[in-house]
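Q: Below is the structure I would like to discuss, written out as structure tokens.
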Amino acid sequence: MKKLWKNCHIATMQHGQYSSIEHAAMVTSGQHIHWIGTFDEVPADAYSETIDLNGAWVTPGLIDCHTHSVFGGNRSVEFEKRLQGVSYAEIAASGGGIASTVRATREASEQQLLASALKRVRCLLKDGVTTIEIKSGYGLDYANERKMLRVIRQIAETLPMTVRSTCLAAHALPPEYQDQSDAYIEHICNDMLPKLHQEGLVDAVDAFCEYLAFSPAQVERVFKTAQSLNLPIKLHAEQLSSLGGSSLAARYQALSADHLEFMTEEDVKAMAAAGTVAVLLPGAFYFLRETKYPPLQSLQQHGVRIALSSDLNPGTSPALSLRLMMNMGSTLFRLTPEQTLAAVTLHAAHALGLQDTHGSLEQGKVADFVAWDIEHPSEIVYWLGGDLPKRIIQHGNEISI
């Protein structure tokens, strides 16, 4: 049955621009967009329902393309300690840092992880996010990575969202593999990834390429395994140092390389040639008080798609609002509101390999959209925090939160 959505303005976000339609209307058929245009051109047809959007601005549903939403505990006490002058090294030496999250995640049951993750993801849904990527990476052994990935699948069954599951087993070295990073990578490649993939729990594979995590050579072994399983890849790269991880990701046709503060001009050119999306994470940049900016001018000059994401995680970006990240993308990285909206719609869809179905409002694409009670799309980025009045539609159905 077809629904007619009328009395609105639409920022379609085709080609990464507002591509606005004033005095617009949209027809949905089931889960998809059947027609879109001006109200004067609405096809004469029988509609099961006509919905008046009261002059709202309609955008694609927001896409949060890089999160670590499933984890045990939190690190708010460590946050307070750091502000009191305790160093990260001291915190880590006392069992804190990522080790504490791994411990808490391993100790939590599947049901406990699901309950805590749902609280966080509901905040993002309420913010207008209709598609989200969630990574594992705090289990660091087969049983606990599997537990996290199962929770991610359950989130997809529980909430009206599209949820993509990424295996980030190569996130950090687990305590049982201390000083045996090559052996752990071998375990991921020979045992963990094949089994998890066979169970249908993995949509993509990620790794952390950094001096305090895994080397480019070790990451390449993970990439080759993912490639053999026909799984797309992503990469945490160039956050703290320049190791050429983003160029490595480009060589393997990665969907995205993320963080990128220390990437070089050669890395940018490699990503541009491969079509790999640059996912910038202003929450972590802000939370860690970074001073090294991603090379925005170079990325734009070479035509690399730029996405933004919350990087929701307990250690470096406990961010519960993608809209706030959009404002940070503008204020910290000098992206225009139009570029920022593209970064959490069309470009974020590319970062998940969903560009054919999500990220813009076009005939044939999934009917995920938000009707905002605002006067211009720039307001989505302009307002700091709060809950902008909105109506959220997922797969052609208005949802209540």
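Every chain in the structure tokens takes a letter, A first, then B, and so on in the order presented; its residues are numbered from 1, and the ligands are numbered from 1 following the presented order.
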Fewer than 5 positions away in the same chain doesn't count, so skip those; otherwise give me all residues within 6 Å of segment 159-163 of chain A, counting only C-alpha atoms, as a list of chain:residue names.
A: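 The contact residues come out as A:Thr130, A:Thr131, A:Ile132, A:Glu133.
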Q: Assign secondary structure with DSSP using the backbone only, and return the residues of segment 26-245 of chain A in strand (DSSP E or B) as a count of residues only.
A: 54
Q: Extract, using only C-alpha atoms, all DNA, RNA and protein residues at most 7 Å from segment 172-174 of chain A, discarding same-chain residues fewer than 6 positions from it, and format them as a ChimeraX atom specification.
A: /A:140,181,213
Q: Using only C-alpha atoms, which protein or nucleic acid residues come within 9 Å of Asp127 of chain A? Drop anything in the same chain fewer than 5 positions from it, and give the result as a PyMOL selection string.
A: chain A and resi 62+122+320-323+387-388+390
Q: Report, in Å with one decimal, the straight-line distance from atom CA of Leu201 of chain A to atom CA of Arg153 of chain A.
A: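 Atom-to-atom, atom CA of Leu201 of chain A and atom CA of Arg153 of chain A are spaced 7.2 Å apart.
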